[in-house]
>>> print(open('work.txt').read())   # compact mmCIF, C-alpha atoms
# COMPACT_ATOMS: atom_id res chain seq x y z
CA MET I 1 -48.59 -15.70 30.26
CA SER I 2 -50.81 -16.37 33.26
CA ASN I 3 -50.68 -14.31 36.39
CA PRO I 4 -49.27 -16.84 38.88
CA PRO I 5 -45.84 -17.12 37.17
CA ILE I 6 -45.65 -13.31 37.02
CA PHE I 7 -46.48 -12.99 40.70
CA MET I 8 -43.95 -15.66 41.63
CA ALA I 9 -41.27 -14.09 39.44
CA ALA I 10 -41.95 -10.64 40.92
CA ALA I 11 -41.69 -12.08 44.43
CA LEU I 12 -38.35 -13.69 43.53
CA ILE I 13 -37.09 -10.34 42.20
CA LEU I 14 -38.06 -8.57 45.44
CA VAL I 15 -36.33 -11.18 47.59
CA SER I 16 -33.32 -11.11 45.28
CA GLU I 17 -33.00 -7.33 45.61
CA LEU I 18 -33.27 -7.63 49.39
CA PHE I 19 -30.38 -10.12 49.43
CA LEU I 20 -28.41 -7.86 47.09
CA VAL I 21 -28.78 -4.92 49.46
CA ALA I 22 -27.82 -7.19 52.37
CA SER I 23 -24.64 -8.02 50.47
CA GLY I 24 -23.98 -4.32 49.95
CA MET I 25 -24.46 -3.70 53.67
CA VAL I 26 -21.79 -6.29 54.46
CA VAL I 27 -19.43 -4.70 51.91
CA LYS I 28 -20.01 -1.33 53.56
CA GLN I 29 -19.29 -2.89 56.95
CA VAL I 30 -15.90 -4.39 56.00
CA SER I 31 -14.68 -1.96 53.32
CA SER I 32 -12.98 0.33 55.84
CA ASP I 33 -10.74 -2.53 57.01
CA LEU I 34 -10.24 -4.67 53.89
CA PRO I 35 -9.28 -3.63 50.33
CA THR I 36 -11.92 -3.91 47.63
CA GLU I 37 -9.82 -6.43 45.67
CA MET I 38 -9.88 -8.83 48.62
CA ILE I 39 -13.61 -8.41 49.12
CA VAL I 40 -14.23 -9.23 45.44
CA PHE I 41 -12.02 -12.32 45.63
CA ALA I 42 -13.68 -13.49 48.85
CA ARG I 43 -17.13 -13.09 47.34
CA ASN I 44 -16.16 -15.24 44.35
CA ILE I 45 -14.20 -17.97 46.14
CA PHE I 46 -16.79 -18.37 48.90
CA GLY I 47 -19.54 -18.33 46.27
CA LEU I 48 -17.74 -21.11 44.42
CA MET I 49 -17.48 -23.15 47.61
CA LEU I 50 -21.20 -22.71 48.24
CA LEU I 51 -21.93 -24.14 44.78
CA LEU I 52 -19.73 -27.24 45.16
CA PRO I 53 -22.45 -29.31 46.94
CA TRP I 54 -24.76 -28.65 43.99
CA LEU I 55 -22.03 -29.78 41.58
CA ILE I 56 -21.38 -32.96 43.57
CA ARG I 57 -25.09 -33.83 43.59
CA GLN I 58 -25.60 -33.12 39.88
CA GLY I 59 -22.34 -34.61 38.61
CA PRO I 60 -19.94 -33.35 35.92
CA GLY I 61 -22.70 -33.31 33.32
CA ALA I 62 -24.27 -30.30 35.03
CA ILE I 63 -21.41 -28.05 33.90
CA ARG I 64 -20.84 -29.50 30.44
CA THR I 65 -20.96 -26.57 28.00
CA ASP I 66 -19.96 -25.53 24.50
CA LYS I 67 -19.97 -21.83 25.40
CA LEU I 68 -16.90 -21.70 27.59
CA ARG I 69 -15.60 -18.55 25.88
CA PHE I 70 -18.80 -16.69 26.73
CA HIS I 71 -18.54 -17.78 30.37
CA LEU I 72 -14.95 -16.54 30.47
CA MET I 73 -15.88 -13.26 28.78
CA ARG I 74 -18.73 -12.72 31.21
CA ALA I 75 -16.45 -13.38 34.19
CA GLY I 76 -13.75 -10.99 32.97
CA VAL I 77 -16.19 -8.14 32.49
CA GLY I 78 -18.12 -9.11 35.61
CA VAL I 79 -15.09 -8.99 37.93
CA VAL I 80 -14.30 -5.41 36.91
CA ALA I 81 -17.97 -4.45 37.23
CA MET I 82 -18.13 -6.11 40.65
CA THR I 83 -15.02 -4.25 41.81
CA CYS I 84 -16.63 -0.95 40.80
CA LEU I 85 -19.90 -1.91 42.48
CA TYR I 86 -18.23 -2.94 45.73
CA TYR I 87 -16.17 0.25 45.79
CA SER I 88 -19.39 2.25 45.43
CA TRP I 89 -21.11 0.22 48.18
CA GLY I 90 -18.27 1.14 50.51
CA HIS I 91 -17.96 4.83 49.59
CA LEU I 92 -21.49 6.00 48.77
CA PRO I 93 -24.79 6.04 50.65
CA LEU I 94 -26.49 2.68 50.16
CA ALA I 95 -29.43 4.14 48.22
CA GLN I 96 -27.13 5.95 45.77
CA ALA I 97 -25.03 2.87 45.15
CA ALA I 98 -28.13 0.70 44.64
CA LEU I 99 -29.65 3.24 42.26
CA LEU I 100 -26.54 3.75 40.14
CA LYS I 101 -26.33 -0.01 39.63
CA GLN I 102 -29.76 0.23 37.99
CA THR I 103 -28.44 2.51 35.25
CA ALA I 104 -26.80 -0.46 33.48
CA PRO I 105 -29.63 -0.92 30.91
CA PHE I 106 -29.25 2.71 29.77
CA PHE I 107 -25.78 1.94 28.41
CA ILE I 108 -26.85 -1.04 26.31
CA PRO I 109 -28.52 0.84 23.41
CA LEU I 110 -25.65 3.34 23.30
CA ILE I 111 -23.10 0.53 22.98
CA ALA I 112 -25.26 -1.22 20.37
CA PHE I 113 -25.61 2.05 18.41
CA PHE I 114 -21.91 2.90 18.24
CA TRP I 115 -20.64 -0.68 18.01
CA LEU I 116 -23.31 -2.50 16.00
CA GLY I 117 -25.10 0.39 14.32
CA GLU I 118 -28.47 -0.57 15.84
CA ARG I 119 -31.21 2.04 15.80
CA ILE I 120 -32.42 3.40 19.15
CA PRO I 121 -36.25 3.72 19.33
CA ALA I 122 -37.71 7.04 20.49
CA PRO I 123 -38.96 5.74 23.89
CA ALA I 124 -35.50 4.35 24.59
CA ARG I 125 -33.86 7.68 23.66
CA LEU I 126 -36.21 9.53 26.01
CA ALA I 127 -35.53 7.05 28.80
CA ILE I 128 -31.78 7.48 28.36
CA LEU I 129 -32.02 11.29 28.45
CA ILE I 130 -34.18 11.29 31.59
CA GLY I 131 -31.99 8.65 33.23
CA PHE I 132 -28.76 10.53 32.71
CA ALA I 133 -30.39 13.79 33.79
CA GLY I 134 -31.07 11.99 37.07
CA VAL I 135 -27.47 10.80 37.20
CA TYR I 136 -26.34 14.42 36.68
CA LEU I 137 -28.33 15.47 39.74
CA ILE I 138 -26.82 12.62 41.76
CA LEU I 139 -23.34 13.73 40.68
CA ASN I 140 -24.28 17.19 42.01
CA PRO I 141 -21.51 19.13 40.22
CA GLY I 142 -22.80 22.36 41.75
CA GLU I 143 -21.00 21.38 44.94
CA GLY I 144 -17.69 22.12 43.20
CA ALA I 145 -16.22 18.61 42.96
CA LEU I 146 -17.38 15.38 41.37
CA ASN I 147 -17.63 12.33 43.58
CA ILE I 148 -15.20 9.82 42.08
CA ALA I 149 -17.19 6.97 43.67
CA VAL I 150 -20.23 7.96 41.56
CA LEU I 151 -18.14 7.84 38.38
CA ILE I 152 -16.74 4.44 39.36
CA ALA I 153 -20.28 3.20 40.04
CA LEU I 154 -21.36 4.35 36.56
CA GLY I 155 -18.40 2.57 35.01
CA GLY I 156 -19.40 -0.58 36.86
CA ALA I 157 -22.99 -0.20 35.63
CA MET I 158 -21.81 0.08 32.04
CA LEU I 159 -19.69 -3.06 32.38
CA GLY I 160 -22.56 -4.80 34.14
CA GLY I 161 -24.69 -4.07 31.10
CA LEU I 162 -22.10 -5.70 28.87
CA ALA I 163 -22.09 -8.76 31.13
CA LYS I 164 -25.87 -9.02 30.76
CA VAL I 165 -25.53 -9.04 26.98
CA VAL I 166 -23.17 -12.02 27.28
CA ILE I 167 -25.64 -13.81 29.58
CA ARG I 168 -28.38 -13.25 27.01
CA ARG I 169 -26.21 -15.01 24.42
CA MET I 170 -26.10 -18.10 26.67
CA ARG I 171 -29.70 -18.36 27.84
CA ASP I 172 -30.75 -20.76 25.11
CA THR I 173 -28.56 -23.63 26.38
CA GLU I 174 -27.20 -22.64 29.80
CA SER I 175 -29.12 -23.09 33.07
CA PRO I 176 -29.00 -20.37 35.76
CA GLN I 177 -26.99 -22.70 38.02
CA ARG I 178 -24.40 -23.38 35.30
CA ILE I 179 -24.05 -19.65 34.53
CA VAL I 180 -23.58 -18.83 38.20
CA PHE I 181 -21.09 -21.70 38.66
CA TYR I 182 -18.83 -20.69 35.79
CA PHE I 183 -19.00 -17.07 36.86
CA ALA I 184 -17.85 -18.03 40.37
CA LEU I 185 -15.11 -20.32 38.99
CA PHE I 186 -13.58 -17.93 36.46
CA SER I 187 -14.12 -14.86 38.64
CA SER I 188 -12.24 -16.55 41.48
CA LEU I 189 -9.28 -17.18 39.19
CA ILE I 190 -9.33 -13.68 37.68
CA SER I 191 -9.75 -11.83 40.99
CA ALA I 192 -7.05 -13.89 42.78
CA LEU I 193 -4.14 -11.93 41.31
CA PRO I 194 -5.18 -8.40 42.36
CA ALA I 195 -6.20 -9.81 45.75
CA CYS I 196 -2.66 -11.20 46.25
CA PHE I 197 -1.12 -7.77 45.63
CA SER I 198 -3.37 -6.13 48.24
CA TRP I 199 -3.66 -9.05 50.66
CA THR I 200 -4.69 -8.37 54.26
CA THR I 201 -5.37 -11.44 56.38
CA PRO I 202 -8.93 -11.08 57.68
CA THR I 203 -9.81 -11.69 61.30
CA LEU I 204 -12.27 -14.44 62.18
CA VAL I 205 -15.08 -11.88 62.46
CA GLN I 206 -14.18 -10.35 59.09
CA ALA I 207 -14.04 -13.82 57.51
CA MET I 208 -17.57 -14.48 58.79
CA TRP I 209 -18.74 -11.19 57.29
CA LEU I 210 -17.18 -12.16 53.96
CA LEU I 211 -18.87 -15.56 54.03
CA LEU I 212 -22.21 -13.87 54.72
CA MET I 213 -21.59 -11.51 51.79
CA ALA I 214 -20.90 -14.45 49.48
CA MET I 215 -24.03 -16.25 50.66
CA THR I 216 -26.33 -13.26 50.15
CA SER I 217 -24.77 -12.42 46.76
CA THR I 218 -25.03 -15.99 45.49
CA ILE I 219 -28.64 -16.35 46.64
CA ALA I 220 -29.51 -13.01 45.00
CA GLN I 221 -27.91 -14.12 41.74
CA LEU I 222 -29.70 -17.48 41.69
CA LEU I 223 -33.08 -15.92 42.50
CA LEU I 224 -32.62 -13.27 39.82
CA SER I 225 -31.72 -15.86 37.17
CA LYS I 226 -34.70 -17.98 38.21
CA ALA I 227 -37.09 -15.02 38.05
CA TYR I 228 -36.02 -13.97 34.54
CA GLY I 229 -36.54 -17.54 33.40
CA MET I 230 -40.20 -17.32 34.48
CA ALA I 231 -41.31 -13.99 33.00
CA PRO I 232 -40.20 -11.34 30.47
CA ALA I 233 -37.63 -8.84 31.71
CA GLY I 234 -39.85 -5.92 30.70
CA GLN I 235 -42.55 -7.03 33.14
CA LEU I 236 -40.10 -7.60 35.99
CA GLY I 237 -37.86 -4.57 35.54
CA PRO I 238 -39.86 -2.16 37.75
CA TYR I 239 -39.53 -4.53 40.72
CA THR I 240 -35.72 -4.29 40.65
CA TYR I 241 -36.00 -0.71 41.91
CA ALA I 242 -37.12 -2.11 45.25
CA SER I 243 -33.40 -2.31 46.05
CA VAL I 244 -33.28 1.49 46.19
CA ALA I 245 -36.06 1.59 48.80
CA PHE I 246 -34.44 -1.23 50.81
CA ALA I 247 -31.06 0.50 50.66
CA ALA I 248 -32.46 3.89 51.67
CA LEU I 249 -34.24 2.34 54.65
CA PHE I 250 -31.26 0.35 55.94
CA GLY I 251 -28.83 3.17 55.21
CA TRP I 252 -30.93 5.49 57.35
CA LEU I 253 -31.46 2.95 60.15
CA LEU I 254 -27.85 1.73 60.43
CA TRP I 255 -25.67 4.60 59.20
CA ASP I 256 -27.92 7.66 59.60
CA GLU I 257 -27.63 8.31 55.85
CA VAL I 258 -29.80 11.17 54.66
CA LEU I 259 -29.70 12.01 50.96
CA ALA I 260 -29.52 15.58 49.65
CA LEU I 261 -32.54 16.95 47.81
CA SER I 262 -30.68 16.87 44.48
CA SER I 263 -29.86 13.20 45.01
CA LEU I 264 -33.49 12.38 45.83
CA LEU I 265 -34.66 14.17 42.68
CA GLY I 266 -32.01 12.33 40.67
CA ILE I 267 -33.16 8.99 42.06
CA MET I 268 -36.75 9.80 41.12
CA LEU I 269 -35.72 10.68 37.55
CA VAL I 270 -33.72 7.49 37.11
CA ILE I 271 -36.65 5.40 38.36
CA VAL I 272 -39.04 7.22 36.01
CA ALA I 273 -36.60 6.56 33.16
CA GLY I 274 -36.39 2.90 34.15
CA LEU I 275 -40.18 2.57 34.11
CA LEU I 276 -40.35 4.36 30.75
CA ALA I 277 -37.86 1.83 29.43
CA MET I 278 -40.45 -0.87 30.05
CA LYS I 279 -42.65 0.54 27.27
CA PRO I 280 -43.02 -2.01 24.46
CA LYS I 281 -40.83 -0.22 21.89
CA ALA I 282 -38.05 0.44 24.37
CA GLU I 283 -38.32 -2.90 26.13
CA LYS I 284 -36.56 -4.82 23.35
CA VAL I 285 -33.56 -2.51 23.59
CA LEU I 286 -33.39 -1.69 27.28
CA ALA I 287 -35.37 -3.94 29.56
CA SER I 288 -34.49 -7.26 27.95
CA SER I 289 -30.81 -6.46 28.41
>>> encode(input="work.txt", output="structure tokens")
Amino acid sequence: MSNPPIFMAAALILVSELFLVASGMVVKQVSSDLPTEMIVFARNIFGLMLLLPWLIRQGPGAIRTDKLRFHLMRAGVGVVAMTCLYYSWGHLPLAQAALLKQTAPFFIPLIAFFWLGERIPAPARLAILIGFAGVYLILNPGEGALNIAVLIALGGAMLGGLAKVVIRRMRDTESPQRIVFYFALFSSLISALPACFSWTTPTLVQAMWLLLMAMTSTIAQLLLSKAYGMAPAGQLGPYTYASVAFAALFGWLLWDEVLALSSLLGIMLVIVAGLLAMKPKAEKVLASS
């Protein structure tokens, strides 16, 4: 593959991660006033509304699919993963939340091993061990109590990994726009029920924040899908860790967040593990997921 597509794909990943962190910043801003279930529903329904002009321009043929069950499966898993992610955005330092989201690929080979009996290559095993050693430091059990938000974030990362497996099953026939559209459609329907039970009518200002969150999330999702259609995941994976740097910077500037030494060491270990996962033998199991 020539260099220009790689450079363009890497640039799209960086911009995508910046928009993702911007979405997390909005979640952090409104999470003290609105329940997580409502924030998740707002992100999906506003995201769906943002995609309607595309659907009108393209016509019904743009969403014709024979993989409806995979879209529904992805949305069901994705809504729970999103709820966990948004809870972590609101209750953890931005850099920690961004980093824990990046542990999703470490769960894929473990699920494949226990569920499908697939062998885990040695580089992948080493990456998993280093990655979860970093997670252990971020959990910081020496403080006497585990942070429940970290555990929720890890649960969301695991479910996010499952969602990526489903996406991989659809890549041969489904465009990024179609995948994003069906995710927004089914996720809106699935997240509506829990949102009703915890409904709090947002103010005009809060509604504007929620719209901004949906815009940044949708743009991040589209850019990410576009980037992975241009270059192999193993070559682009290291660039996704830019979100940790963006989150650390904005968390410090806006909320005076300063991470403990153990958390910083944990973040470094997880990033090293993520880079190790890009090695050729581990890439097929970890990075491509």
>>> atom_distance(input="work.txt", atom1="atom CA of I:Ile120", atom2="atom CA of I:Leu162")
16.8 Å
>>> closest_residue(input="work.txt", among="I:Pro60, I:Gly76, I:Gly161, I:Gly266", to="I:Leu185", atoms="all atoms listed in the file")
I:Gly76
>>> atom_distance(input="work.txt", atom1="atom CA of I:Trp89", atom2="atom CA of I:Val135")
16.5 Å
>>> atom_distance(input="work.txt", atom1="atom CA of I:Ser217", atom2="atom CA of I:Phe19")
6.6 Å
>>> residues_near_point(input="work.txt", point="(-36.9, -12.4, 48.8)", cutoff="12 Å", atoms="only C-alpha atoms", output="mmCIF file with C-alpha atoms, in the coordinates of the input")
data_model
loop_
_atom_site.group_PDB
_atom_site.id
_atom_site.type_symbol
_atom_site.label_atom_id
_atom_site.label_comp_id
_atom_site.auth_asym_id
_atom_site.auth_seq_id
_atom_site.Cartn_x
_atom_site.Cartn_y
_atom_site.Cartn_z
ATOM 1 C CA MET I 8 -43.950 -15.660 41.630
ATOM 2 C CA ALA I 9 -41.270 -14.090 39.440
ATOM 3 C CA ALA I 10 -41.950 -10.640 40.920
ATOM 4 C CA ALA I 11 -41.690 -12.080 44.430
ATOM 5 C CA LEU I 12 -38.350 -13.690 43.530
ATOM 6 C CA ILE I 13 -37.090 -10.340 42.200
ATOM 7 C CA LEU I 14 -38.060 -8.570 45.440
ATOM 8 C CA VAL I 15 -36.330 -11.180 47.590
ATOM 9 C CA SER I 16 -33.320 -11.110 45.280
ATOM 10 C CA GLU I 17 -33.000 -7.330 45.610
ATOM 11 C CA LEU I 18 -33.270 -7.630 49.390
ATOM 12 C CA PHE I 19 -30.380 -10.120 49.430
ATOM 13 C CA LEU I 20 -28.410 -7.860 47.090
ATOM 14 C CA VAL I 21 -28.780 -4.920 49.460
ATOM 15 C CA ALA I 22 -27.820 -7.190 52.370
ATOM 16 C CA THR I 216 -26.330 -13.260 50.150
ATOM 17 C CA ILE I 219 -28.640 -16.350 46.640
ATOM 18 C CA ALA I 220 -29.510 -13.010 45.000
ATOM 19 C CA GLN I 221 -27.910 -14.120 41.740
ATOM 20 C CA LEU I 222 -29.700 -17.480 41.690
ATOM 21 C CA LEU I 223 -33.080 -15.920 42.500
ATOM 22 C CA LEU I 224 -32.620 -13.270 39.820
ATOM 23 C CA ALA I 227 -37.090 -15.020 38.050
ATOM 24 C CA TYR I 239 -39.530 -4.530 40.720
ATOM 25 C CA THR I 240 -35.720 -4.290 40.650
ATOM 26 C CA ALA I 242 -37.120 -2.110 45.250
ATOM 27 C CA SER I 243 -33.400 -2.310 46.050
ATOM 28 C CA PHE I 246 -34.440 -1.230 50.810
#
>>> closest_residue(input="work.txt", among="I:Cys84, I:Ala127, I:Ile179, I:Leu110", to="I:Ala62", atoms="only C-alpha atoms")
I:Ile179
>>> residues_around(input="work.txt", residues="I:Gly24", least_positions_apart="2", cutoff="12 Å", atoms="only C-alpha atoms", output="ChimeraX atom specification")
/I:17-22,26-31,39-40,43,82,85-98,101,209-210,212-217,220,243-244,246-248,250-251
>>> write_last_selection(input="work.txt", atoms="C-alpha atoms", output="short mmCIF file (atom, residue, chain, number, x, y, z; two decimals), in the coordinates of the input")
data_model
loop_
_atom_site.label_atom_id
_atom_site.label_comp_id
_atom_site.auth_asym_id
_atom_site.auth_seq_id
_atom_site.Cartn_x
_atom_site.Cartn_y
_atom_site.Cartn_z
CA GLU I 17 -33.00 -7.33 45.61
CA LEU I 18 -33.27 -7.63 49.39
CA PHE I 19 -30.38 -10.12 49.43
CA LEU I 20 -28.41 -7.86 47.09
CA VAL I 21 -28.78 -4.92 49.46
CA ALA I 22 -27.82 -7.19 52.37
CA VAL I 26 -21.79 -6.29 54.46
CA VAL I 27 -19.43 -4.70 51.91
CA LYS I 28 -20.01 -1.33 53.56
CA GLN I 29 -19.29 -2.89 56.95
CA VAL I 30 -15.90 -4.39 56.00
CA SER I 31 -14.68 -1.96 53.32
CA ILE I 39 -13.61 -8.41 49.12
CA VAL I 40 -14.23 -9.23 45.44
CA ARG I 43 -17.13 -13.09 47.34
CA MET I 82 -18.13 -6.11 40.65
CA LEU I 85 -19.90 -1.91 42.48
CA TYR I 86 -18.23 -2.94 45.73
CA TYR I 87 -16.17 0.25 45.79
CA SER I 88 -19.39 2.25 45.43
CA TRP I 89 -21.11 0.22 48.18
CA GLY I 90 -18.27 1.14 50.51
CA HIS I 91 -17.96 4.83 49.59
CA LEU I 92 -21.49 6.00 48.77
CA PRO I 93 -24.79 6.04 50.65
CA LEU I 94 -26.49 2.68 50.16
CA ALA I 95 -29.43 4.14 48.22
CA GLN I 96 -27.13 5.95 45.77
CA ALA I 97 -25.03 2.87 45.15
CA ALA I 98 -28.13 0.70 44.64
CA LYS I 101 -26.33 -0.01 39.63
CA TRP I 209 -18.74 -11.19 57.29
CA LEU I 210 -17.18 -12.16 53.96
CA LEU I 212 -22.21 -13.87 54.72
CA MET I 213 -21.59 -11.51 51.79
CA ALA I 214 -20.90 -14.45 49.48
CA MET I 215 -24.03 -16.25 50.66
CA THR I 216 -26.33 -13.26 50.15
CA SER I 217 -24.77 -12.42 46.76
CA ALA I 220 -29.51 -13.01 45.00
CA SER I 243 -33.40 -2.31 46.05
CA VAL I 244 -33.28 1.49 46.19
CA PHE I 246 -34.44 -1.23 50.81
CA ALA I 247 -31.06 0.50 50.66
CA ALA I 248 -32.46 3.89 51.67
CA PHE I 250 -31.26 0.35 55.94
CA GLY I 251 -28.83 3.17 55.21
#
>>> closest_residue(input="work.txt", among="I:Phe41, I:Pro35, I:Ile138, I:Thr103", to="I:Ala260", atoms="all atoms listed in the file")
I:Ile138
>>> closest_residue(input="work.txt", among="I:Gln206, I:Phe7, I:Arg125, I:Leu52", to="I:Gln177", atoms="all atoms listed in the file")
I:Leu52
>>> closest_residue(input="work.txt", among="I:Trp54, I:Gly160, I:Phe132, I:Asp33", to="I:Met268", atoms="all atoms listed in the file")
I:Phe132
>>> closest_residue(input="work.txt", among="I:Ala81, I:Ala273, I:Met73, I:Leu34", to="I:Met170", atoms="all atoms listed in the file")
I:Met73
>>> axis_aligned_box(input="work.txt", around="stretch 201-210 of chain I", padding_each_side="4 Å", output="AutoDock Vina command-line options")
--center_x -12.1 --center_y -12.4 --center_z 58.2 --size_x 21.4 --size_y 12.1 --size_z 16.5
>>> residues_near_point(input="work.txt", point="(-5.3, -13.7, 41.7)", cutoff="12 Å", atoms="only C-alpha atoms", output="ChimeraX atom specification")
/I:37-38,40-42,44-45,79,186-199
>>> residues_around(input="work.txt", residues="I:Gly134", least_positions_apart="5", cutoff="12 Å", atoms="all atoms listed in the file", output="compact mmCIF listing (two decimals) with C-alpha atoms, keeping the file's coordinate frame")
# COMPACT_ATOMS: atom_id res chain seq x y z
CA GLN I 96 -27.13 5.95 45.77
CA LEU I 99 -29.65 3.24 42.26
CA LEU I 100 -26.54 3.75 40.14
CA GLN I 102 -29.76 0.23 37.99
CA THR I 103 -28.44 2.51 35.25
CA PHE I 106 -29.25 2.71 29.77
CA ALA I 127 -35.53 7.05 28.80
CA ILE I 128 -31.78 7.48 28.36
CA LEU I 129 -32.02 11.29 28.45
CA LEU I 139 -23.34 13.73 40.68
CA ASN I 140 -24.28 17.19 42.01
CA LEU I 261 -32.54 16.95 47.81
CA SER I 262 -30.68 16.87 44.48
CA SER I 263 -29.86 13.20 45.01
CA LEU I 264 -33.49 12.38 45.83
CA LEU I 265 -34.66 14.17 42.68
CA GLY I 266 -32.01 12.33 40.67
CA ILE I 267 -33.16 8.99 42.06
CA MET I 268 -36.75 9.80 41.12
CA LEU I 269 -35.72 10.68 37.55
CA VAL I 270 -33.72 7.49 37.11
CA ILE I 271 -36.65 5.40 38.36
CA VAL I 272 -39.04 7.22 36.01
CA ALA I 273 -36.60 6.56 33.16
CA GLY I 274 -36.39 2.90 34.15
